[in-house]
>>> print(open('target.csv').read())   # CSV, C-alpha atoms
chain,number,residue,atom,x,y,z
E,1,MET,CA,0.0,0.0,0.0
E,2,GLU,CA,1.0,3.6,-0.5
E,3,PRO,CA,2.8,5.3,2.4
E,4,VAL,CA,0.7,7.2,4.9
E,5,LEU,CA,2.5,10.4,3.9
E,6,GLU,CA,0.9,10.3,0.5
E,7,ILE,CA,-2.5,9.8,1.9
E,8,ALA,CA,-1.9,12.9,3.9
E,9,GLU,CA,-2.1,14.8,0.6
E,10,GLY,CA,-5.1,14.4,-1.7
E,11,ALA,CA,-8.5,14.1,0.1
E,12,THR,CA,-6.8,15.7,3.1
E,13,SER,CA,-4.9,18.3,1.1
E,14,SER,CA,-5.4,21.9,2.1
E,15,ASP,CA,-5.4,22.8,-1.6
E,16,PRO,CA,-9.1,22.5,-2.6
E,17,ASP,CA,-8.2,21.8,-6.2
E,18,VAL,CA,-6.3,18.7,-5.3
E,19,GLY,CA,-8.6,17.6,-2.6
E,20,LEU,CA,-11.9,18.0,-4.5
E,21,ARG,CA,-10.5,16.2,-7.5
E,22,ALA,CA,-9.4,13.3,-5.3
E,23,VAL,CA,-12.8,13.1,-3.7
E,24,ALA,CA,-14.6,13.1,-7.0
E,25,ALA,CA,-12.3,10.4,-8.4
E,26,LEU,CA,-12.8,8.3,-5.3
E,27,ARG,CA,-16.6,8.6,-5.6
E,28,ALA,CA,-16.4,7.6,-9.3
E,29,LEU,CA,-14.2,4.6,-8.4
E,30,SER,CA,-16.5,3.5,-5.6
E,31,GLU,CA,-19.6,3.7,-7.9
E,32,ARG,CA,-17.9,1.5,-10.5
E,33,LEU,CA,-16.9,-1.0,-7.9
E,34,GLU,CA,-20.4,-1.0,-6.5
E,35,VAL,CA,-21.9,-1.9,-9.9
E,36,LEU,CA,-19.4,-4.8,-10.2
E,37,GLN,CA,-20.0,-6.1,-6.7
E,38,VAL,CA,-23.8,-5.8,-6.8
E,39,GLN,CA,-23.9,-7.6,-10.1
E,40,ALA,CA,-21.6,-10.4,-8.9
E,41,ALA,CA,-23.7,-10.8,-5.7
E,42,ARG,CA,-26.9,-11.1,-7.7
E,43,ASP,CA,-25.3,-13.6,-10.0
E,44,LEU,CA,-24.5,-15.7,-6.9
E,45,GLY,CA,-28.2,-15.5,-5.9
E,46,TRP,CA,-27.9,-13.0,-3.1
E,47,SER,CA,-31.1,-11.2,-2.1
E,48,TRP,CA,-31.5,-7.4,-2.4
E,49,GLN,CA,-31.8,-7.4,1.4
E,50,ASP,CA,-28.5,-9.1,1.9
E,51,ILE,CA,-26.7,-6.8,-0.6
E,52,ALA,CA,-28.3,-3.7,1.0
E,53,GLU,CA,-27.2,-4.8,4.5
E,54,ARG,CA,-23.6,-5.0,3.4
E,55,LEU,CA,-23.7,-1.7,1.6
E,56,GLY,CA,-25.3,0.0,4.6
E,57,VAL,CA,-28.3,1.2,2.7
E,58,THR,CA,-32.0,0.2,2.6
E,59,LYS,CA,-33.2,-2.6,0.4
E,60,GLN,CA,-35.3,-0.1,-1.6
E,61,THR,CA,-32.3,2.0,-2.4
E,62,VAL,CA,-30.3,-0.9,-4.0
E,63,HIS,CA,-33.4,-2.2,-5.8
E,64,ARG,CA,-34.2,1.3,-7.2
E,65,LYS,CA,-30.6,1.7,-8.4
E,66,TYR,CA,-30.1,-1.8,-9.9
E,67,GLY,CA,-33.5,-3.5,-9.9
E,68,LYS,CA,-34.2,-2.8,-13.5
E,69,SER,CA,-30.9,-3.9,-15.0
E,70,LEU,CA,-30.0,-6.7,-12.7
E,71,GLY,CA,-33.5,-7.8,-11.5
E,72,ARG,CA,-34.3,-10.9,-13.5
E,73,ARG,CA,-31.3,-13.0,-14.1
S,1,MET,CA,-24.6,14.7,-38.5
S,2,PHE,CA,-21.9,13.1,-40.7
S,3,GLU,CA,-23.4,14.4,-43.9
S,4,ARG,CA,-20.8,17.3,-44.0
S,5,PHE,CA,-17.9,15.1,-43.0
S,6,THR,CA,-15.3,14.5,-45.8
S,7,GLU,CA,-14.4,11.0,-46.8
S,8,GLU,CA,-11.2,11.2,-44.7
S,9,ALA,CA,-13.1,12.5,-41.7
S,10,ARG,CA,-15.6,9.6,-42.0
S,11,ASP,CA,-12.6,7.3,-42.2
S,12,VAL,CA,-11.3,8.7,-38.9
S,13,VAL,CA,-14.6,8.0,-37.2
S,14,ARG,CA,-14.7,4.5,-38.6
S,15,LEU,CA,-11.0,3.9,-37.6
S,16,ALA,CA,-11.8,5.2,-34.0
S,17,GLY,CA,-14.3,2.3,-33.7
S,18,GLU,CA,-11.9,-0.2,-35.1
S,19,HIS,CA,-9.2,0.9,-32.6
S,20,ALA,CA,-11.7,0.6,-29.8
S,21,ARG,CA,-12.5,-2.9,-30.8
S,22,ARG,CA,-8.9,-3.9,-31.3
S,23,LEU,CA,-8.1,-2.8,-27.8
S,24,GLY,CA,-11.1,-4.7,-26.5
S,25,HIS,CA,-13.0,-1.6,-25.4
S,26,ARG,CA,-16.8,-1.5,-25.7
S,27,TYR,CA,-17.1,2.2,-26.2
S,28,ILE,CA,-15.6,4.8,-28.5
S,29,GLY,CA,-14.0,7.6,-26.5
S,30,GLY,CA,-12.2,10.8,-27.4
S,31,GLU,CA,-8.9,8.9,-27.0
S,32,HIS,CA,-9.9,6.5,-29.8
S,33,ILE,CA,-10.7,9.4,-32.1
S,34,LEU,CA,-7.4,11.0,-31.3
S,35,LEU,CA,-5.6,7.7,-32.1
S,36,ALA,CA,-7.5,7.5,-35.4
S,37,VAL,CA,-6.5,11.1,-36.3
S,38,THR,CA,-2.8,10.5,-35.6
S,39,GLY,CA,-2.8,7.5,-37.9
S,40,ALA,CA,-4.9,9.1,-40.6
S,41,GLY,CA,-2.0,10.1,-42.8
S,42,GLN,CA,-3.4,13.6,-43.2
S,43,PRO,CA,-1.6,16.9,-42.8
S,44,ALA,CA,-3.2,17.2,-39.3
S,45,SER,CA,-1.7,13.8,-38.4
S,46,ALA,CA,1.7,15.0,-39.6
S,47,VAL,CA,1.5,18.1,-37.5
S,48,LEU,CA,0.5,16.1,-34.4
S,49,SER,CA,3.3,13.6,-35.0
S,50,ALA,CA,5.8,16.4,-35.4
S,51,HIS,CA,4.8,17.6,-31.9
S,52,GLY,CA,5.2,14.3,-30.3
S,53,VAL,CA,1.6,13.1,-30.6
S,54,THR,CA,2.3,9.9,-32.6
S,55,PRO,CA,0.0,7.0,-33.0
S,56,GLU,CA,2.5,4.9,-30.9
S,57,LEU,CA,2.4,7.4,-28.0
S,58,VAL,CA,-1.3,7.8,-28.0
S,59,GLU,CA,-1.9,4.0,-28.1
S,60,GLU,CA,0.7,3.5,-25.3
S,61,GLU,CA,-1.0,6.1,-23.1
S,62,ILE,CA,-4.4,4.7,-23.7
S,63,VAL,CA,-3.3,1.2,-22.8
S,64,ARG,CA,-1.4,2.5,-19.8
S,65,ARG,CA,-4.3,4.5,-18.5
S,66,VAL,CA,-7.3,2.3,-19.3
S,67,GLY,CA,-5.8,-1.1,-20.0
S,68,LEU,CA,-6.8,-3.7,-22.6
S,69,GLY,CA,-9.9,-5.8,-22.8
S,70,ALA,CA,-13.1,-6.2,-21.0
S,71,GLY,CA,-12.0,-4.8,-17.6
S,72,ALA,CA,-10.8,-1.6,-19.2
S,73,GLY,CA,-14.2,-0.1,-19.5
S,74,LEU,CA,-14.9,-0.3,-15.8
S,75,PHE,CA,-11.9,1.9,-15.1
S,76,ALA,CA,-12.1,4.2,-18.1
S,77,GLY,CA,-12.2,7.9,-17.5
S,78,LEU,CA,-11.2,7.6,-13.9
S,79,ASP,CA,-8.8,10.3,-12.8
S,80,ARG,CA,-5.8,8.1,-11.9
S,81,ASP,CA,-3.6,11.0,-10.9
S,82,ALA,CA,-6.2,12.3,-8.4
S,83,LEU,CA,-6.6,8.8,-7.0
S,84,ALA,CA,-2.8,8.6,-6.6
S,85,THR,CA,-2.8,11.7,-4.4
S,86,ILE,CA,-4.9,9.8,-1.8
S,87,GLY,CA,-2.7,6.7,-2.1
S,88,ILE,CA,-4.9,4.6,-4.4
S,89,ASP,CA,-3.0,2.9,-7.2
S,90,LEU,CA,-5.6,2.3,-9.9
S,91,ASP,CA,-3.4,-0.4,-11.6
S,92,ALA,CA,-3.3,-2.3,-8.3
S,93,VAL,CA,-7.0,-2.1,-7.9
S,94,ARG,CA,-7.5,-3.2,-11.5
S,95,ALA,CA,-5.1,-6.1,-11.2
S,96,ARG,CA,-7.0,-7.4,-8.1
S,97,ILE,CA,-10.4,-7.0,-9.7
S,98,GLU,CA,-9.3,-8.7,-12.9
S,99,ALA,CA,-7.9,-11.6,-10.8
S,100,SER,CA,-11.1,-12.1,-8.9
S,101,PHE,CA,-13.8,-11.6,-11.6
S,102,GLY,CA,-14.1,-13.1,-15.0
S,103,PRO,CA,-14.1,-11.0,-18.2
S,104,GLN,CA,-17.8,-11.5,-18.5
S,105,ALA,CA,-18.6,-9.9,-15.2
S,106,LEU,CA,-16.2,-7.0,-16.0
S,107,THR,CA,-17.7,-6.4,-19.3
S,108,SER,CA,-21.3,-6.2,-18.2
S,109,ALA,CA,-20.4,-4.2,-15.1
S,110,ALA,CA,-18.6,-1.7,-17.4
S,111,GLN,CA,-21.6,-1.4,-19.6
S,112,LEU,CA,-23.8,-0.7,-16.7
S,113,ALA,CA,-21.4,1.8,-15.3
S,114,HIS,CA,-21.3,3.7,-18.5
S,115,GLN,CA,-25.0,3.9,-19.0
S,116,GLY,CA,-25.1,6.2,-16.0
S,117,ARG,CA,-28.5,4.9,-15.1
S,118,PRO,CA,-28.5,1.1,-15.1
S,119,GLY,CA,-30.3,0.3,-18.3
S,120,HIS,CA,-33.5,-0.8,-19.8
S,121,PRO,CA,-33.3,-1.4,-23.5
S,122,GLY,CA,-36.6,0.3,-24.2
S,123,PRO,CA,-39.6,-1.1,-26.1
S,124,ARG,CA,-39.0,-3.2,-29.2
S,125,PRO,CA,-39.5,-0.9,-32.3
S,126,ALA,CA,-42.5,-1.6,-34.5
S,127,ARG,CA,-42.2,-4.1,-37.3
S,128,PHE,CA,-42.0,-1.6,-40.1
S,129,VAL,CA,-39.3,0.3,-38.3
S,130,ARG,CA,-37.3,-2.9,-37.9
S,131,ASP,CA,-37.7,-3.7,-41.6
S,132,TRP,CA,-36.7,-0.2,-42.6
S,133,ARG,CA,-33.6,-0.3,-40.4
S,134,HIS,CA,-32.7,-3.7,-41.8
S,135,ARG,CA,-33.0,-2.4,-45.4
S,136,ARG,CA,-31.1,0.7,-44.6
S,137,ARG,CA,-28.3,-1.3,-43.2
S,138,ALA,CA,-28.2,-3.5,-46.3
S,139,ARG,CA,-28.2,-0.5,-48.5
S,140,ARG,CA,-25.4,1.2,-46.7
S,141,ALA,CA,-23.3,-2.0,-46.9
S,142,MET,CA,-23.8,-1.9,-50.6
S,143,ASP,CA,-23.0,1.8,-50.9
S,144,ARG,CA,-19.7,1.3,-49.2
S,145,SER,CA,-17.1,1.8,-51.8
S,146,PRO,CA,-15.1,-1.3,-52.7
S,147,VAL,CA,-11.8,0.7,-52.2
S,148,CYS,CA,-9.5,-1.1,-49.8
S,149,ARG,CA,-9.3,1.0,-46.7
S,150,PRO,CA,-6.4,0.8,-44.2
S,151,PRO,CA,-7.2,-1.3,-41.1
S,152,ALA,CA,-6.7,0.2,-37.7
S,153,ALA,CA,-3.1,-0.8,-37.0
S,154,GLY,CA,-1.3,-0.8,-33.7
S,155,ARG,CA,0.9,-2.6,-31.3
S,156,TYR,CA,-1.7,-3.9,-29.0
S,157,ARG,CA,-4.6,-6.3,-29.3
S,158,ALA,CA,-6.8,-7.3,-26.5
S,159,PRO,CA,-6.8,-11.0,-25.8
S,160,GLY,CA,-10.0,-12.9,-26.5
S,161,PRO,CA,-12.7,-12.2,-29.0
S,162,VAL,CA,-13.0,-8.8,-30.5
S,163,PRO,CA,-16.2,-7.0,-29.2
S,164,SER,CA,-18.8,-7.5,-31.9
S,165,GLY,CA,-21.9,-5.6,-32.8
S,166,HIS,CA,-22.5,-2.0,-32.2
S,167,ILE,CA,-20.3,-0.2,-29.8
S,168,PRO,CA,-21.4,3.3,-28.7
S,169,PHE,CA,-19.7,6.6,-28.6
S,170,THR,CA,-19.2,8.0,-25.1
S,171,PRO,CA,-21.1,11.2,-24.4
S,172,ALA,CA,-17.7,13.0,-24.5
S,173,ALA,CA,-16.9,11.5,-27.9
S,174,LYS,CA,-20.3,12.6,-29.2
S,175,LYS,CA,-19.6,16.1,-28.0
S,176,ILE,CA,-16.3,16.1,-29.8
S,177,LEU,CA,-17.9,15.1,-33.1
S,178,GLU,CA,-20.5,17.8,-32.6
S,179,LEU,CA,-17.9,20.5,-31.9
S,180,THR,CA,-16.1,19.7,-35.1
S,181,LEU,CA,-19.0,21.4,-36.9
S,182,ARG,CA,-18.3,24.5,-34.9
S,183,GLU,CA,-14.6,24.4,-35.7
S,184,ALA,CA,-15.5,24.2,-39.4
S,185,ALA,CA,-18.0,27.0,-39.1
S,186,ALA,CA,-15.4,29.2,-37.4
S,187,LEU,CA,-13.0,28.7,-40.3
S,188,ASP,CA,-15.8,29.3,-42.9
S,189,ASP,CA,-15.3,25.7,-44.1
S,190,THR,CA,-18.3,24.0,-45.6
S,191,HIS,CA,-17.0,20.5,-44.9
S,192,VAL,CA,-15.7,18.9,-41.8
S,193,GLY,CA,-12.3,17.5,-42.4
S,194,VAL,CA,-9.7,15.7,-40.3
S,195,GLU,CA,-8.2,19.0,-39.4
S,196,HIS,CA,-11.4,20.1,-37.7
S,197,ILE,CA,-11.5,16.9,-35.7
S,198,ALA,CA,-7.9,17.6,-34.7
S,199,LEU,CA,-8.6,21.2,-33.7
S,200,THR,CA,-11.6,20.1,-31.6
S,201,LEU,CA,-9.4,17.5,-29.8
S,202,THR,CA,-7.0,20.3,-28.7
S,203,THR,CA,-9.9,22.1,-26.9
S,204,VAL,CA,-11.2,19.1,-25.0
S,205,GLU,CA,-11.0,19.7,-21.2
S,206,SER,CA,-12.0,16.4,-19.6
S,207,GLY,CA,-11.5,12.7,-20.1
S,208,LEU,CA,-8.3,11.1,-21.4
S,209,VAL,CA,-7.5,13.4,-24.3
S,210,PRO,CA,-5.9,16.2,-22.3
S,211,PRO,CA,-3.5,14.0,-20.3
S,212,ILE,CA,-2.5,12.1,-23.4
S,213,LEU,CA,-1.7,15.4,-25.2
S,214,ALA,CA,0.1,16.5,-22.1
S,215,ALA,CA,2.2,13.4,-22.1
S,216,ALA,CA,3.4,14.3,-25.6
S,217,GLY,CA,4.9,17.4,-24.1
S,218,THR,CA,3.4,20.1,-26.4
S,219,PRO,CA,0.7,22.3,-24.8
S,220,ALA,CA,-2.7,22.0,-26.5
S,221,PRO,CA,-2.9,25.7,-27.5
S,222,ALA,CA,0.5,25.3,-29.3
S,223,LEU,CA,-0.8,22.2,-31.1
S,224,ARG,CA,-3.8,24.1,-32.2
S,225,THR,CA,-1.8,27.0,-33.6
S,226,ALA,CA,0.5,24.6,-35.5
S,227,ILE,CA,-2.5,22.8,-37.1
S,228,LEU,CA,-4.1,26.2,-38.0
S,229,ASP,CA,-0.8,27.4,-39.5
S,230,ARG,CA,-0.4,24.2,-41.5
S,231,TYR,CA,-3.8,24.6,-43.1
S,232,ARG,CA,-3.6,28.3,-43.6
S,233,ARG,CA,-0.5,27.7,-45.7
S,234,ALA,CA,-2.2,25.1,-47.7
S,235,SER,CA,-5.2,27.1,-48.6
>>> encode(input="target.csv", output="structure tokens")
Amino acid sequence: MEPVLEIAEGATSSDPDVGLRAVAALRALSERLEVLQVQAARDLGWSWQDIAERLGVTKQTVHRKYGKSLGRR
Amino acid sequence: MFERFTEEARDVVRLAGEHARRLGHRYIGGEHILLAVTGAGQPASAVLSAHGVTPELVEEEIVRRVGLGAGAGLFAGLDRDALATIGIDLDAVRARIEASFGPQALTSAAQLAHQGRPGHPGPRPARFVRDWRHRRRARRAMDRSPVCRPPAAGRYRAPGPVPSGHIPFTPAAKKILELTLREAAALDDTHVGVEHIALTLTTVESGLVPPILAAAGTPAPALRTAILDRYRRAS
């Protein structure tokens, strides 16, 4: 893993330009990974309830986001 | 919107798609258009190459930043430098993801991720619409001139089958193609040529095109001036 020093820059940087970009990139990355993981979980037969629990959101939220595309598989 | 594109400009658009397929990407981004322009053998391509923006460099940068094959789409367009500032190595993330998930999972997740809203294909078009589209496709295939066109060449080729069927332009790539019309209008040109595509690429502000141009070492405004000079001399 990257050294802690480097983590001290970026999202924690006092330069808003660097910090905000880092936060935006992190959000984009986490969204992509969420798609991948939710899809994989559905393929393994996980229920929306189980997925929602791990993501720390309500069942309705996950279903609203992915229900249409991943619903019937 | 391609009615006003010259034959060469249409070739660039076609080559962009072929490059995307060859690299195993399931979308056509600004970076693929840039790669096609550099390899088009046009004056604009020569200007770009003279300033370090060679097909080899562009391809190298695309592969370095997005990767090859199915998993590439999932990570496309992410700001790797910004992630690096918080200690996240995108290559390391990608390597782990690719090791845990098969290409199939990566491909479909990438498609979902790029639709913005997870997709619904929409209603099936009416019978006559489908027939008409079918005939249009056949007609276009016939119209295509029998001249042998250069294939999209390059060093890399994604392993596995080449993505088949229709691959879409990203919203950013569509925007680039639209803006070429404006570049042509600004120069009082009635047709959109490769030079207008190249000029548009120098004004792009997001996505992979700016960092790729930056990697070549010439600032985008300087590239723009050089392209304009080249065509002013020619006309």
>>> atom_distance(input="target.csv", atom1="CA of Asp229 (chain S)", atom2="CA of Pro43 (chain S)")
11.0 Å
>>> residues_around(input="target.csv", residues="region 212-225 of chain S", least_positions_apart="3", cutoff="9 Å", atoms="only C-alpha atoms", output="ChimeraX atom specification")
/S:31,47-48,51-54,57-58,61-62,198-203,208-209,228-230
>>> residues_around(input="target.csv", residues="Gly29 (chain S)", least_positions_apart="2", cutoff="6 Å", atoms="all atoms listed in the file", output="ChimeraX atom specification")
/S:31-32,170,173
>>> atom_distance(input="target.csv", atom1="CA of Leu34 (chain S)", atom2="CA of Arg137 (chain S)")
27.0 Å
>>> interface_residues(input="target.csv", of="chain S", to="chain E", cutoff="8 Å", atoms="only C-alpha atoms", output="PyMOL selection string")
chain S and resi 74-75+78-80+82-89+105-106+109-110+112-113+117-120
>>> atom_distance(input="target.csv", atom1="CA of Gly17 (chain S)", atom2="CA of Gly67 (chain S)")
16.5 Å
